[in-house]
Amino acid sequence: MSAREEILGRIRRSLRDVPSGESPEDVAVERGYRKKDEAPHEEIVDRFAEHVAEYRATVHRVGEDELPAAIERALRERGVGRLVVPADLPEGWVPEGVEVLRDGADGHRLTNGELDRSDGVLTGCSLGISQTGTIVLDAGEAQGRRALTLLPDYHLCVVREDQVVGLVPEAIERLGETVRTEGRAVTFVSGPSATSDIELIRVEGVHGPRTLEVLISG
Amino acid sequence: MRVALFITCFNDTLFPETGRATVRVLERLGVEVDFPVEQTCCGQMHFNTGYQREAIPLVRRFVEVFEPYDAVVAPSGSCVGMVRELYGRAAELAGDAELARGVEALVPRVFELSEFLVNGLGVTDIGAYYPHRVTYHPTCHSLRMLRVGEAPLKLLRAVRGLDLVELPQAEECCGFGGTFAVKNAETSTAMLSDKLHHVKETGAEAVAAGDNSCLLHIGGGLQRGQDGIDTVHLAEILDATERR
Amino acid sequence: MTSAKHAPDAFSKGKTPTFEVSARESLADHQLRRNLGKATKTIRGKRAEAVGEMPDWEELREAGRALKERTMRHLDHYLVELEESVKRAGGHVHWARDGEEANRIIAEIARSHEAREVVKVKSIATDETRLNEHLESEGIEAVETDLAELIIQLAGETSSHILVPAIHKNRAEIRTLFMRELGLDDLSDEPEALTEAARLYLRKKFLGAKVGVSGANFAVAETGTVCVVESEGNGRMCTTLPPVLVTLMGIEKLIPEWRDFEVFMQTLPRSSTAERMNPYTSFWTGVSPESGDGPEEFHLVLLDNGRTDVLADEIGRQSLNCIRCSACLNVCPVYERTGGHAYNSVYPGPIGAILTPQLVGIGKPGPDSLPYASSLCGACYDVCPVKINIPEVLIHLRGKVVRNHQDNDGLKGKLDPENVAMQVMAKTFSDRRLYEAAQRLALIGQWPLARSGTIHRLPGKLSGWTATRDLKALPKETFRQWWKTRKNRSGS
């Protein structure tokens, strides 16, 4: 007998107390928790900014038209010379005078080595979650594949105000479609990478980008 | 209303003064108390140590003895916890449907003393006088199993002359845990030592609780250390008046 | 790198000591006590704060419990669904009856890609199967990439906490270890500097690895999505960079639908690291070769290793609901003082005390002692994000241990002093007259022990009490004697 058949057989024997007519949905699941943050959207965005900042990420609020200038300032202050960007980053985001490593340009995917040697990465995002200060990446528009936001030591991320949702359930619901139909990978980013493995003292920046800077544009 | 005192074997044998105080407090409030002498032990020690087959006759006995009463009151959160939380399991284990029905009918009528006074009778001030600095240990089973909540504190706050001081890390276990204190004596002692440290920190003259098992443990540690701090059951504080 | 000295644990072949014996050793390690006391107190406070800001925490706990109950009651259905979903998304699914089979499957995958080294993200399932040892025996080095796992791997030790495996070590100890094992001449003991040293050492490993190995926090039956919840980014590295990814997952880790993350992504981070959200969570669904995002090949290994036995026990079954948050460890007064090693299992603390003996089976002295490593204070149940009634299961397992001892250990089991005493007491309590006689007898019996109302020393097994605590002596009159006299007085 294959391991599969044997394990499934064991499970069925172990569950003899479950009536044969019972279906999974017969086991009641009471979802009495909050599904949506009913606060005004402005408040939700304010809280998002606060919560992201509490993870010791740098947060700036900028008007939509100020975005290119804000990006330029952030990159200059950080001293970024070689900037990784996804293939479909919106026109006008990348300032002059920065060497751009565009992933997938001319059919060339950046190697891990190239990503590692870059100074930073600039992306958009899929969603922001106000309740937890989380940025969600789903390899969709302006985000690129996962390695792009992982190997560079600095991540500059643009979140549009209309991308911010209130609670975790709102985000999970919005992402469901992408996961179900396209199977794209999803990453939740809440502040820079961190560890508390030594005496439970939090140290920011272990393996991912050690610096996360967020521009909330609206 | 017919109210039975469930003294618990532990109090009956080791802490008769708590039983006497409980009777006097209830009578002072106009409750007619009966003590069914056929009662022995609720079976908690057996059940919690794993001797569950052996506990079943004790469960059966408890249900038979207390079945005729409208309310059963015990000065022990732990023993009431056993009845409320585990008697159903014991009946299931016995495979005895009649016992299960008996348990189901009786359990809602079994109360820990502070619950009975505050939630059952609706009193908090029963005219007690106890002019001492006291700290209160909530005991795990009253706190997390029975969820008596504020009831004991409401009673204590109403006692005249009593200076109630907060116990740091009050919600942490004293390390008694029944046979745990013997089977894992060293770990139990390590837990007790922190509890004693916090008790001493308060500068209280006495530690109060609703369970003499925890007080036996804490008191045993205080006595060994010659700390000069007493242990006292809540019932005995409530029993104390200006006249006695 | 030194080869780990593999201490026996409940899942290895050797016999393990009982909790009482191991706890004695841990309690005597005062540095350990200080490290643990500080760490657990810190995280307890933080957790209370993180949970305190959630007005619907109880509803989330209840939903989590119910979802896990639904999963367990229909585990066969959901596993088959998961298998289909993963395959549909381009992944491979393997089934492993036990740890050895899982290890063989993983080693075979590594060998087929000629990998001499695999990078690993913290996975307790692989600790349970002792994967690293197995790979080592096949000439494949497993590099632990979680900072704490790296620390204990370099030290040749085992984990002592589900979430913070090196919770027993302080910064000075780690500094010495890193200088020795990573060949560094100078290193400060600041956590920042120690973390930087690990980053540099591991970055090379990540970039060169052909195979990554991970555990799973969740897998979704509906979509085939696998989820790893982490903080450091090593999880993202291991699951994204190597061309081949193998995930080992206990069969109980699945959840029915994608939607169910709306519950668990709220309860897990706050319960474990006490944050609103942990820094990184990765969700992947099979492979996506056309976009070049992540590995080209994905294998999911489904592990039984005793889990189906746990499932068979209607009371014990809830233990499988565990989402490995470790909140129960942090609030446990026993764990706080003994630390994780006293449990001799990859699953320490209250959850380990119920999971370990069920996974390895009743009847082994080491694991059998674990359900007794608790004062039944109930703090673990209060914090559990999926409402596992740990005290209930502890008591249930004690019942199983005793019954097994009585029924299967022959005369030795029956003549065990504890068993004899319990039988006598049960008899006594069953008869009021016997009980009253025993009360009188005890009063006489204590006479040689009691001095002015106090007993300072008890004989035999009971001496554990009086080694550190006095015992109040029996009063002259029992309550029932007082009652009878009083009644007679008032009746006359």
# chains A, B, ... in the order shown; residues from 1 in each chain; ligands from 1
call {"tool": "select_by_dssp", "arguments": {"residues": "stretch 61-177 of chain A", "states": "strand (DSSP E)", "output": "PyMOL selection string"}}
result
chain A and resi 61-62+82-85+99-102+120-123+127-129+134-137+154-160+164-165
call {"tool": "interface_residues", "arguments": {"of": "chain A", "to": "chain C", "cutoff": "7 Å", "atoms": "only C-alpha atoms", "output": "ChimeraX atom specification"}}
result
/A:3-4,7-8,10-12,14-15,18,24,27-34,112,132,145-147,168-169,172-173,176,180,183-195,197-200,203,206-208
call {"tool": "write_last_selection", "arguments": {"atoms": "C-alpha atoms", "output": "tab-separated table (two decimals), in the first residue's frame"}}
result
chain	number	residue	atom	x	y	z
A	3	ALA	CA	2.02	5.90	2.04
A	4	ARG	CA	-0.82	8.04	0.75
A	7	ILE	CA	-2.23	7.64	5.89
A	8	LEU	CA	-5.69	8.34	4.49
A	10	ARG	CA	-5.42	5.73	9.28
A	11	ILE	CA	-7.22	9.08	9.28
A	12	ARG	CA	-10.53	7.46	8.36
A	14	SER	CA	-9.24	7.62	13.61
A	15	LEU	CA	-12.36	9.57	12.70
A	18	VAL	CA	-17.54	11.46	12.96
A	24	PRO	CA	-17.20	19.85	6.56
A	27	VAL	CA	-19.08	21.87	11.61
A	28	ALA	CA	-20.24	25.36	12.53
A	29	VAL	CA	-17.73	28.22	12.25
A	30	GLU	CA	-18.97	31.38	13.90
A	31	ARG	CA	-17.20	34.34	12.26
A	32	GLY	CA	-18.21	36.93	14.80
A	33	TYR	CA	-15.12	39.10	14.39
A	34	ARG	CA	-14.85	42.45	12.57
A	112	ASN	CA	20.75	37.25	-7.72
A	132	THR	CA	-1.22	46.17	11.18
A	145	ARG	CA	9.07	39.17	-8.56
A	146	ARG	CA	9.90	38.42	-4.93
A	147	ALA	CA	13.69	38.44	-5.19
A	168	VAL	CA	-6.74	42.09	7.76
A	169	PRO	CA	-9.99	40.43	6.53
A	172	ILE	CA	-7.40	38.75	2.54
A	173	GLU	CA	-10.62	39.17	0.61
A	176	GLY	CA	-8.34	35.99	-2.91
A	180	ARG	CA	-7.26	31.62	-6.82
A	183	GLY	CA	-1.66	31.63	-8.16
A	184	ARG	CA	0.70	34.58	-7.73
A	185	ALA	CA	2.93	34.64	-4.68
A	186	VAL	CA	1.91	37.08	-1.95
A	187	THR	CA	4.26	38.65	0.59
A	188	PHE	CA	3.25	40.60	3.68
A	189	VAL	CA	5.88	43.13	4.68
A	190	SER	CA	5.51	44.79	8.07
A	191	GLY	CA	8.51	46.97	8.65
A	192	PRO	CA	12.10	45.98	7.92
A	193	SER	CA	13.20	42.45	8.71
A	194	ALA	CA	13.89	41.97	12.38
A	195	THR	CA	14.95	39.47	14.96
A	197	ASP	CA	16.42	35.98	18.98
A	198	ILE	CA	19.07	37.39	21.29
A	199	GLU	CA	17.61	38.12	24.72
A	200	LEU	CA	14.36	39.11	23.00
A	203	VAL	CA	17.24	44.21	16.07
A	206	VAL	CA	18.62	40.75	9.35
A	207	HIS	CA	18.27	39.23	5.89
A	208	GLY	CA	15.79	41.29	3.96
call {"tool": "closest_atom_pairs", "arguments": {"of": "chain C", "to": "chain B", "cutoff": "8 Å", "atoms": "only C-alpha atoms", "output": "tab-separated table"}}
result
residue	atom	partner	partner_atom	distance
C:Glu20	CA	B:Asn184	CA	5.7
C:Ala23	CA	B:Thr187	CA	7.1
C:Arg24	CA	B:Glu186	CA	6.6
C:Leu27	CA	B:Thr187	CA	7.3
C:Pro333	CA	B:Met191	CA	6.9
C:Val334	CA	B:Thr187	CA	6.7
C:Arg337	CA	B:Ala190	CA	7.0
C:Thr338	CA	B:Thr187	CA	7.2
C:Tyr372	CA	B:Phe180	CA	6.9
C:Ala373	CA	B:Asn184	CA	7.1
C:Ser374	CA	B:Phe180	CA	6.9
C:Ser375	CA	B:Gly177	CA	4.0
C:Leu376	CA	B:Gly177	CA	6.2
C:Cys377	CA	B:Cys140	CA	5.1
C:Gly378	CA	B:Arg144	CA	6.3
C:Ala379	CA	B:Arg144	CA	7.4
C:Asp382	CA	B:Arg144	CA	7.6
C:Ile395	CA	B:Asn48	CA	5.5
C:His396	CA	B:Gly50	CA	7.3
C:Leu397	CA	B:Gly50	CA	7.6
C:Arg398	CA	B:Gly50	CA	4.4
C:Gly399	CA	B:Gly50	CA	3.8
C:Lys400	CA	B:Gly50	CA	7.2
C:Val401	CA	B:Gly50	CA	7.2
C:Val402	CA	B:Gly50	CA	5.6
C:Arg403	CA	B:Tyr51	CA	7.6
C:Met422	CA	B:His46	CA	7.0
C:Gln423	CA	B:Glu54	CA	7.2
C:Ala426	CA	B:Glu54	CA	6.1
C:Phe429	CA	B:Thr40	CA	5.7
C:Ser430	CA	B:Leu58	CA	6.1
C:Asp431	CA	B:Thr40	CA	7.9
C:Arg432	CA	B:Glu38	CA	5.7
C:Tyr435	CA	B:Thr40	CA	7.0
C:Gln439	CA	B:Thr13	CA	6.6
C:Lys461	CA	B:Val182	CA	7.3
C:Leu462	CA	B:Val182	CA	6.1
C:Ser463	CA	B:Val182	CA	7.8
C:Gly464	CA	B:Ala185	CA	5.2
C:Trp465	CA	B:Val182	CA	5.6
C:Thr468	CA	B:Thr189	CA	6.9
C:Arg469	CA	B:Gly221	CA	4.7
C:Asp470	CA	B:Gly220	CA	4.3
C:Leu471	CA	B:Gly220	CA	5.4
C:Lys472	CA	B:Gly220	CA	6.9
C:Ala473	CA	B:Leu14	CA	7.5
C:Leu474	CA	B:Leu14	CA	5.3
C:Pro475	CA	B:Leu14	CA	6.3
C:Glu477	CA	B:Pro16	CA	7.4
C:Thr478	CA	B:Thr13	CA	5.1
C:Phe479	CA	B:Pro16	CA	4.3
C:Arg480	CA	B:Asp12	CA	6.6
C:Trp483	CA	B:Phe35	CA	7.9
call {"tool": "write_last_selection", "arguments": {"atoms": "C-alpha atoms", "output": "PDB file, in the first residue's frame"}}
result
ATOM      1  CA  GLU C  20      11.334  15.619  37.235  1.00  0.00           C
ATOM      2  CA  ALA C  23      13.911  19.794  35.624  1.00  0.00           C
ATOM      3  CA  ARG C  24      16.181  19.390  38.641  1.00  0.00           C
ATOM      4  CA  LEU C  27      16.466  24.593  37.994  1.00  0.00           C
ATOM      5  CA  PRO C 333       4.990  29.073  35.412  1.00  0.00           C
ATOM      6  CA  VAL C 334       6.619  25.667  35.029  1.00  0.00           C
ATOM      7  CA  ARG C 337      11.469  28.079  35.652  1.00  0.00           C
ATOM      8  CA  THR C 338      12.673  24.894  33.995  1.00  0.00           C
ATOM      9  CA  TYR C 372       2.494  15.788  35.178  1.00  0.00           C
ATOM     10  CA  ALA C 373       4.766  18.756  34.460  1.00  0.00           C
ATOM     11  CA  SER C 374       1.956  21.157  35.258  1.00  0.00           C
ATOM     12  CA  SER C 375       0.212  22.585  38.295  1.00  0.00           C
ATOM     13  CA  LEU C 376      -2.968  22.776  36.159  1.00  0.00           C
ATOM     14  CA  CYS C 377      -3.058  26.533  36.689  1.00  0.00           C
ATOM     15  CA  GLY C 378      -4.828  27.048  33.362  1.00  0.00           C
ATOM     16  CA  ALA C 379      -2.846  30.073  32.135  1.00  0.00           C
ATOM     17  CA  ASP C 382      -6.452  31.354  28.567  1.00  0.00           C
ATOM     18  CA  ILE C 395      -5.696  15.388  32.954  1.00  0.00           C
ATOM     19  CA  HIS C 396      -6.997  13.063  30.266  1.00  0.00           C
ATOM     20  CA  LEU C 397      -3.454  11.921  29.466  1.00  0.00           C
ATOM     21  CA  ARG C 398      -2.649  11.388  33.138  1.00  0.00           C
ATOM     22  CA  GLY C 399      -5.621   9.023  33.142  1.00  0.00           C
ATOM     23  CA  LYS C 400      -4.178   7.155  30.184  1.00  0.00           C
ATOM     24  CA  VAL C 401      -0.732   6.939  31.765  1.00  0.00           C
ATOM     25  CA  VAL C 402      -2.123   5.554  35.027  1.00  0.00           C
ATOM     26  CA  ARG C 403      -4.434   3.065  33.323  1.00  0.00           C
ATOM     27  CA  MET C 422      -4.585   5.907  45.778  1.00  0.00           C
ATOM     28  CA  GLN C 423      -6.551   2.660  45.962  1.00  0.00           C
ATOM     29  CA  ALA C 426     -10.418   5.779  47.114  1.00  0.00           C
ATOM     30  CA  PHE C 429     -13.508   8.120  50.650  1.00  0.00           C
ATOM     31  CA  SER C 430     -16.199   5.722  49.429  1.00  0.00           C
ATOM     32  CA  ASP C 431     -17.391   5.000  52.942  1.00  0.00           C
ATOM     33  CA  ARG C 432     -18.162   7.700  55.453  1.00  0.00           C
ATOM     34  CA  TYR C 435     -13.268   8.162  56.182  1.00  0.00           C
ATOM     35  CA  GLN C 439      -9.287  11.125  60.114  1.00  0.00           C
ATOM     36  CA  LYS C 461       7.810  10.160  48.658  1.00  0.00           C
ATOM     37  CA  LEU C 462       6.118  12.910  50.634  1.00  0.00           C
ATOM     38  CA  SER C 463       9.470  14.270  51.800  1.00  0.00           C
ATOM     39  CA  GLY C 464       9.516  16.402  48.641  1.00  0.00           C
ATOM     40  CA  TRP C 465       7.010  18.692  50.305  1.00  0.00           C
ATOM     41  CA  THR C 468      11.351  23.162  51.497  1.00  0.00           C
ATOM     42  CA  ARG C 469       8.006  23.726  53.165  1.00  0.00           C
ATOM     43  CA  ASP C 470       6.493  23.046  56.532  1.00  0.00           C
ATOM     44  CA  LEU C 471       3.209  21.242  56.758  1.00  0.00           C
ATOM     45  CA  LYS C 472       0.451  22.364  59.032  1.00  0.00           C
ATOM     46  CA  ALA C 473      -0.395  19.573  61.467  1.00  0.00           C
ATOM     47  CA  LEU C 474      -3.921  18.238  61.879  1.00  0.00           C
ATOM     48  CA  PRO C 475      -6.064  20.081  64.371  1.00  0.00           C
ATOM     49  CA  GLU C 477     -11.098  18.411  66.092  1.00  0.00           C
ATOM     50  CA  THR C 478     -12.375  17.900  62.550  1.00  0.00           C
ATOM     51  CA  PHE C 479     -15.115  20.073  61.168  1.00  0.00           C
ATOM     52  CA  ARG C 480     -17.650  17.258  61.286  1.00  0.00           C
ATOM     53  CA  TRP C 483     -20.829  20.111  63.652  1.00  0.00           C
TER      54      TRP C 483
END
call {"tool": "atom_distance", "arguments": {"atom1": "atom CA of B:Met82", "atom2": "atom CA of C:Glu392"}}
result
11.2 Å
call {"tool": "atom_distance", "arguments": {"atom1": "atom CA of A:Val45", "atom2": "atom CA of A:Leu137"}}
result
17.7 Å
call {"tool": "residues_around", "arguments": {"residues": "A:Leu127", "least_positions_apart": "6", "cutoff": "10 Å", "atoms": "only C-alpha atoms", "output": "MDAnalysis selection string"}}
result
chainID A and resid 134:138 159:165 171 174:175 188
call {"tool": "closest_residue", "arguments": {"among": "A:Glu5, A:Ile201, A:Cys157, A:Val179", "to": "A:His60", "atoms": "only C-alpha atoms"}}
result
A:Cys157
call {"tool": "closest_residue", "arguments": {"among": "B:Val232, B:Ala91, B:Ala74, B:Ala4", "to": "B:Tyr136", "atoms": "only C-alpha atoms"}}
result
B:Val232
call {"tool": "atom_distance", "arguments": {"atom1": "atom CA of B:Asp70", "atom2": "atom CA of B:Arg109"}}
result
6.6 Å
